[in-house]
Amino acid sequence: MSGHDSKYFSTTKKGEIPELKEELNSQYKDKRKDAVKKVIAAMTVGKDVSSLFTDVLNCMQTENLELKKLVYLYLINYAKSQPDLAILAVNTFVKDTQDPNPLIRALAVRTMGCIRVDKITEYLCDPLERCLKDDDPYVRKTAAICVAKLYDINAELVEDRGFLDGLKDLISDNNPMVVANAVAALAEIQDNSSKPIFEITSNTLTKLLTALNECTEWGQVFILDALSKYKAADAREAENIVERVTPRLQHANSAVVLSAVKMILQQMELITSPDVIRNLCKKMAPPLVTLLSAEPEIQYVALRNINLIVQRRPTILAHEIKVFFCKYNDPIYVKMEKLEIMIKLASDRNIDQVLLEFKEYATEVDVDFVRKAVRAIGRCAIKLERAAERCISVLLELIKIKVNYVVQEAIIVIKDIFRRYPNTYESIIATLCESLDTLDEPEAKASMIWIIGEYAERIDNADELLESFLESFPEEPAQVQLQLLTATVKLFLKKPTEGPQQMIQVVLNNATVETDNPDLRDRAYIYWRLLSTDPEAAKDVVLAEKPVISDDSNQYDSSLLDELLANIATLSSVYHKPPETFITRVRTVQRTEEEEFPDGIEGAYAETSSTLVVDGVAPPPPTSTAAKPPTAAPAPVPDLLDLMGLDGGDDNAIVSVDHPATDAGPPLPVLLPAASGQGLEISAQLVRRDGQIFYSLMFENNTNIPLDGFMIQFNKNTFGLAAGGPLQVPQIQPGTSSRTLLPMVLFQNVAPGPPNSLLQVAVKNNQQPVWYFNDRLSLLVLFTEDGRMERSTFLETWKSLPDSNEVSKDIAGIVINNVDATIEQLASSNMFFIAKRKNGNQEVLYLSAKIPKGTPFLIELTAVIGVPGIKCAIKSPSPDMAPLFFEALESLLRA
């Protein structure tokens, strides 16, 4: 649709569907085309136009390419929900794949690949086979990608029909874009397959290197990524490959540059000539530096990759440290990365200019950046022994500025310098002690206390200094308490006089009797026993020589760094994590035939299914490794009764409305009938979507006036459920309704006492009083996506929990007719199948689930197929949750 087609999005007509139906069946081509555009516009803004499926389909047989594209777009969107009707389009698809126009042939095969309906997949094979050998390169390159899509739908079909061989043949194609797409498709298929699919041979290598010079920028990326996995036979071949790839370093696209760098770094491992390596390092420096003149987002990605590169090959950018100096207008995330790289590139030759930069940064206004700069000075001191004294001089100058957070950060890093160079720079301790009164951060306090304890014999008033900290011992964080305990013991062992003797008694008493921290208590008891039984042994233990800390600027071990470098220019190199830690592919394992197993859970057998787990978005069951986007925590919620004062009270006690958020979903139970709400009817239910809990609400206005200003609040409840953001409801006109999703957070508002499923809710608007109603909290919405256990873990956990933690219940009236369907039904609510066994005529299923804060439920379901009644037993560290679990399970199985 062109820029002039925005008018199709602005319609506000009622009864739009019948009008569109009429226009789609018009005898005039232009009217039909306009109608399809309106349908696509409605579909784009979220309206359900699936009822027009057959009418849109009738417009498919047309010579107009634009109209055909629009119809295909509609088909891709709705074919899955209308699979039987989608079959009607097959003949047109097959016919279009033989059209004289190559654009139509390519469009048809591309669309068929995007429609993930099994019945259509069968008809795709013959046209796809033809298109892979089509005369037109545009059709061939489209067909190559279609094979990868088909493999994702039905891998066995692709292998049986020989499409993989067809793809491999396309690598020898005379069109470079076809080669690039074939490589991209094979790489995608290889990622989804456990067996070798795509292996580059010396013959293939030549073809790929030839195509590299002629294809588009993204085609070059695909080819370079594939080549980076090729291991050259010897140093000579590696040099030849690098020579062919080096021109890509001059490319304008940063993705091509980084892929070329990755390829060269991989091959450099095999090159033995120091001169060749030196020349390559010189050639790689300018393109990497050029990336730092791009926009901040690209700079950040480049810096994360450079961070890895300089750990392996620091010589590449050893002379370019100035390009990493921070500019005043750099975003903070770019500044932080530049600091990291400067630490890695710091050397005896450039340390003076680096320290000048760090000192400058330490006087800026951004507190986090200043802290990082001060810490960077300390890390340089630890890394470069000859520069340590200059680093300490800079730190002392910063301490004299008397900026609180600078002083505290400086003390933290000086403690590390003392650990790196013991008995070398103790003359500065007196200067540090002048700042004792300003310390208020736990890490800084702990560092200063460590320094006093470690050098107690050299500080005349060490006992007085420690005593000043002891006055607030019970209120201090655990980190400070532990250091105070150890430092006092050191002082006593070094100066066993009356003052330290009294101090040690006070500290040991506080740390054993007054504390709830097990780490502190255990350490105090160990010291107490050591001091009371053998003071000399206590000296040997407490005052023993400590290992010298080492430089942490190259923080990754060699094997991890190898893996990260092999993934340069991917998310892995930005996260600095191996791909498998945030994206995992599990292949389908066929279920084994039932065998005779001994009684008991050990005799059960497991089944697995295929899944894709991604970190960064909320993943589907069974596992989740992702980090969800952070949800803003709401303000502390007062007791529900405080809502009574809202009419003239503080509106900040409740979240209010700004922009509406809609929610389309199944009907909701009515919790406040219109008769009770003076015409306002509220339906609501807790739901779980994409790993997040929401409160789905529907407000229906049966009054004579508009209602607005909706607010909501939840009373204290077993799981501390509270609103995680504002309630977004627009003004509701009389006779209309509005539906919304309210994000929820847990453990904000926890009610004491035994667990129960009661959820008390209060809702208010600007025109009516506060309405109170009760809802039931189902444990199903709390079951997390990471609740699946390995079979061995399940067995160990089951055995480790005492029998008293096992609770059973017979649930009458429920019939299990199909075990697989039941397993699927339970998995949809994050109860994951572990194993099953036969016990006479009974089926015994074992499942696992987990609620937030990591509380697992180990479930045993026993039933006779087709006979009413099941027995459920659960084991959990929280057996008091059993009634809630049984209530949730029963509601699910009866649904």
# chains A, B, ... in the order shown; residues from 1 in each chain; ligands from 1

$ residues_around --residues "stretch 830-846 of chain A" --least-positions-apart "2" --cutoff "6 Å" --atoms "only C-alpha atoms" --output "list in words"
Ala604, Tyr605, Ala606, Phe783, Glu785, Arg788, Leu826, Ala827, Ser828, Ser848, Ala849, Ile859, Glu860, Leu861, Thr862, Ala863 and Val864 of chain A

$ write_last_selection --atoms "N, CA and C atoms" --output "tab-separated table (two decimals), in the first residue's frame"
chain	number	residue	atom	x	y	z
A	604	ALA	N	9.00	-45.31	35.89
A	604	ALA	CA	8.27	-44.53	34.90
A	604	ALA	C	9.20	-44.10	33.78
A	605	TYR	N	8.62	-43.80	32.62
A	605	TYR	CA	9.47	-43.35	31.50
A	605	TYR	C	9.05	-41.94	31.09
A	606	ALA	N	10.01	-41.21	30.54
A	606	ALA	CA	9.79	-39.80	30.25
A	606	ALA	C	9.50	-39.59	28.78
A	783	PHE	N	1.66	-20.53	38.21
A	783	PHE	CA	2.62	-21.53	37.78
A	783	PHE	C	3.53	-20.94	36.71
A	785	GLU	N	6.81	-20.60	33.88
A	785	GLU	CA	7.21	-21.35	32.68
A	785	GLU	C	8.46	-22.19	32.89
A	788	ARG	N	9.45	-27.04	34.67
A	788	ARG	CA	9.80	-28.41	34.27
A	788	ARG	C	11.07	-28.87	34.97
A	826	LEU	N	-2.69	-30.00	30.92
A	826	LEU	CA	-1.94	-29.58	32.10
A	826	LEU	C	-0.75	-28.71	31.71
A	827	ALA	N	-0.08	-29.06	30.59
A	827	ALA	CA	1.08	-28.27	30.14
A	827	ALA	C	0.68	-26.85	29.78
A	828	SER	N	-0.56	-26.67	29.29
A	828	SER	CA	-1.02	-25.33	28.93
A	828	SER	C	-1.09	-24.42	30.15
A	848	SER	N	5.49	-31.82	37.20
A	848	SER	CA	6.08	-30.82	38.10
A	848	SER	C	5.55	-29.45	37.74
A	849	ALA	N	5.50	-28.59	38.74
A	849	ALA	CA	5.11	-27.20	38.55
A	849	ALA	C	5.87	-26.37	39.56
A	859	ILE	N	3.93	-33.67	41.49
A	859	ILE	CA	2.54	-34.10	41.38
A	859	ILE	C	2.48	-35.56	40.93
A	860	GLU	N	1.60	-36.34	41.56
A	860	GLU	CA	1.33	-37.72	41.13
A	860	GLU	C	-0.17	-37.84	40.91
A	861	LEU	N	-0.59	-38.13	39.66
A	861	LEU	CA	-2.00	-38.30	39.33
A	861	LEU	C	-2.25	-39.77	39.01
A	862	THR	N	-3.27	-40.35	39.65
A	862	THR	CA	-3.60	-41.76	39.41
A	862	THR	C	-5.04	-41.84	38.94
A	863	ALA	N	-5.28	-42.52	37.80
A	863	ALA	CA	-6.64	-42.62	37.27
A	863	ALA	C	-6.76	-43.90	36.45
A	864	VAL	N	-8.00	-44.39	36.35
A	864	VAL	CA	-8.32	-45.48	35.42
A	864	VAL	C	-8.98	-44.84	34.21

$ residues_around --residues "A:Gly113" --least-positions-apart "5" --cutoff "7 Å" --atoms "only C-alpha atoms" --output "ChimeraX atom specification"
/A:146,149-150

$ write_last_selection --atoms "C-alpha atoms" --output "mmCIF file, in the first residue's frame"
data_model
loop_
_atom_site.group_PDB
_atom_site.id
_atom_site.type_symbol
_atom_site.label_atom_id
_atom_site.label_comp_id
_atom_site.auth_asym_id
_atom_site.auth_seq_id
_atom_site.Cartn_x
_atom_site.Cartn_y
_atom_site.Cartn_z
ATOM 1 C CA CYS A 146 10.987 -21.235 1.223
ATOM 2 C CA LYS A 149 10.442 -22.361 6.071
ATOM 3 C CA LEU A 150 9.161 -25.733 4.923
#

$ atom_distance --atom1 "atom CA of A:Lys871" --atom2 "atom CA of A:Arg688"
26.7 Å

$ residues_around --residues "stretch 217-226 of chain A" --least-positions-apart "3" --cutoff "6 Å" --atoms "only C-alpha atoms" --output "list in words"
Ala180, Ala184, Leu212, Lys229, Val256 and Ser259 of chain A

$ atom_distance --atom1 "atom CA of A:Cys380" --atom2 "atom CA of A:Tyr575"
24.2 Å
